[in-house]
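The block underneath contains the structure these notes are about, expressed in structure tokens.
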Amino acid sequence: MPAIQSGAHYYFGTDKNTDIHEIIWDKEDEFLFRLESGMTDTVHQLLIDFQDYCRSRDDLTLADLKYYYHHLTDASLLILR
């Protein structure tokens, strides 16, 4: 399902033929730096910026976002440890 489609319930499933679109967010390095620096207000604003970026791309699916958020979470956890 497209990432910007709204609905009350979401079901996620993939098959082996599903291609994941690579997300390249040009502010990822800044996000990680600000996170490490403890700049919570800036981190929050950057996450809003990322949401706006995702909404501007019609080709992204929920699976694409799921995989990118996993990547971003893993990178964040390395910093926060």
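Ordered as shown in the structure tokens, chains take letters A, B, and onward, while each chain numbers its residues from 1 and ligands are numbered from 1 in the order shown.
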- prompt: If you count only C-alpha atoms, which residues fall within 12 Å of Asp29 (chain A), apart from same-chain ones fewer than 2 positions away, as JSON, numbers by chain?
  reply: {"A": [24, 25, 26, 27, 31, 32, 33, 34, 35, 36, 43, 46, 72, 75, 76, 79]}
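Put simply, CA of Arg57 (chain A) is 26.7 Å away from CA of Leu77 (chain A).
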- request: Identify all residues of region 38-67 of chain A in alpha helix (DSSP H) (DSSP on the backbone) and supply them as a VMD selection string.
  value: chain A and resid 40 to 56 62 to 67
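With CA of Ser37 (chain A) on one side and CA of Leu65 (chain A) on the other, the separation reads 25.2 Å.
Rounded to one decimal, CA of Arg81 (chain A) and CA of His21 (chain A) lie 29.1 Å from each other.
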